[in-house]
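I have placed the structure first, in the form of structure tokens, so that the comments after it can refer back to it.
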Amino acid sequence: MSNAPVIAAVDGSEHSLRALEWARTEALRHGTGLVVAHVLPDSAQLYAARRSSLADPSQPAEYADPVGEDVQAILARAAELPADVRYESLEGSVPEALRMTGENSRMLVMGSRGRGGFAALLLGSNSRAVASTAACPVVVVPHAARSAEAGAGPSGGRVVLGLHAAETADDVVAFAFAEAAARGTTVQVVSAYAIPPAPTMAVDNPFQVIPPEGLADDGDAVPAEREMLRSQTERLEPFRARWPQVPVEQAAVPGDAAERLVTASRSAALVVVGRHHPRRSVGSLMIGSVAHAVLHHAHGPVAVVPTLSDGA
């Protein structure tokens, strides 16, 4: 789907306008079209229908779309636009409408909360539902209060990939490498290993980063860490061959990877995680503990990437 468009979901909120700007830049980066999608709320539909029927009962009702008009005005002031920009006004429930329009897209980009969300919520219900069910990758852009500046320089920060060497689907890894290649930046791969139940054990180096040339025989590393890094290296080999221009950093962390991914999001251009744990049912709104934690607490954009079986 190299020519598939980037879709930006907007509702007029500041959250969605941040997502729109991210999507615009992403479409330019990949040389693809941009689709700006807005789901008409029921109240707007009823109001528009009533207004139309009062003005001329013989004419069919036409739905007003003030959000679409406002967004078009905002994009008209942008420094640069993709060659193809389209606007879609959708009807129905927000998660279902966005899920359907995103089926053949490169990715669907949305804000972490919508216009009607409670201020205390870190992740809105619509963002969670779409990230849990869409057949395409979903990028959730956090609101300003949670955001942090990406790393300096033309790369705009690295792409961070949460990887379970045995379970993360190829689609997830490929998405991270493709995004890093488009940005001319590094992929940092983070995997977690189980901590042995030894009460006196001390881990002096909980976050070892190794260069892409290979693994050093570090006698100080715990056996579980060394084994995780070796498994990680084997898992990444075909992707390094496919994207030889992408530098790779590997990291192994004890326990749960979510905290490390959230920390890394402060200086990352994008954090990439897979959607479903293999033991969860397809279509479930449970997206796995790591993806759930990262979506709720990350300081930068998070891409939740489904597997092929998820989209089947």
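Going through the structure tokens in order, the chains are called A, B, and so on, while each chain numbers its residues from 1 and the ligands are numbered from 1 in the order shown.
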Which residues are close to Thr168 in chain A, i.e. within 10 Å by only C-alpha atoms, leaving aside same-chain residues fewer than 3 positions away? Reply as an MDAnalysis selection string. chainID A and resid 162:165 171:173 235 273:278 306:307
Would you save the residues of that selection, restricted to C-alpha atoms, as a PDB file, in the first residue's frame?
```pdb
ATOM      1  CA  GLY A 162       8.500  -2.344  21.499  1.00  0.00           C
ATOM      2  CA  LEU A 163       9.477  -5.879  20.471  1.00  0.00           C
ATOM      3  CA  HIS A 164       8.663  -9.316  21.821  1.00  0.00           C
ATOM      4  CA  ALA A 165      11.076 -11.388  19.765  1.00  0.00           C
ATOM      5  CA  ASP A 171       3.926  -5.980  10.195  1.00  0.00           C
ATOM      6  CA  VAL A 172       4.787  -4.136  13.408  1.00  0.00           C
ATOM      7  CA  VAL A 173       8.546  -4.362  12.922  1.00  0.00           C
ATOM      8  CA  ARG A 235      14.577 -11.471  14.928  1.00  0.00           C
ATOM      9  CA  VAL A 273       3.764  -1.146  19.465  1.00  0.00           C
ATOM     10  CA  GLY A 274       1.787  -4.155  18.304  1.00  0.00           C
ATOM     11  CA  ARG A 275      -1.890  -4.270  19.080  1.00  0.00           C
ATOM     12  CA  HIS A 276      -3.074  -7.652  20.299  1.00  0.00           C
ATOM     13  CA  HIS A 277      -1.445 -10.137  22.556  1.00  0.00           C
ATOM     14  CA  PRO A 278      -1.623 -13.471  20.663  1.00  0.00           C
ATOM     15  CA  PRO A 306      -2.360  -4.575  13.924  1.00  0.00           C
ATOM     16  CA  THR A 307      -1.257  -7.927  12.591  1.00  0.00           C
TER      17      THR A 307
END
```
Excluding same-chain residues fewer than 4 positions from Val246 in chain A, what lies within 10 Å of it counting only C-alpha atoms, as a list of chain:residue names?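 Returned residues: A:Phe177, A:Ala178, A:Glu179, A:Ala180, A:Ala181, A:Ala182, A:Arg183, A:Gly184, A:Thr185, A:Thr186, A:Val187, A:Pro212, A:Phe239, A:Arg240, A:Ala241, A:Arg242.
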So how many Å separate CA of Tyr87 in chain A and CA of Gln72 in chain A, to one decimal?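 These atoms are spaced 8.4 Å apart.
Atom to atom, CA of Ser231 in chain A and CA of Val253 in chain A stand 13.6 Å apart.
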What's the 8 Å shell around range 137-140 of chain A, counting only C-alpha atoms, without same-chain residues fewer than 4 positions away, as a PyMOL selection string? chain A and resi 19+106-112+127+130-131+295+301-306
Could you check which of A:Ala129, A:Val67, A:Val290, A:Cys136 is closest to Val6 in chain A, using only C-alpha atoms?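 Looking only at the distances to Val6 in chain A, the closest residue turns out to be A:Cys136.
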Atom-to-atom span, CA of Glu227 in chain A and CA of Ala252 in chain A, Å: 9.6 Å
Spatial neighbours of range 26-34 of chain A, max dist 7 Å, only C-alpha atoms, sep filter under 2 positions, as a ChimeraX atom specification: /A:3-7,22-24,36,82-86,182
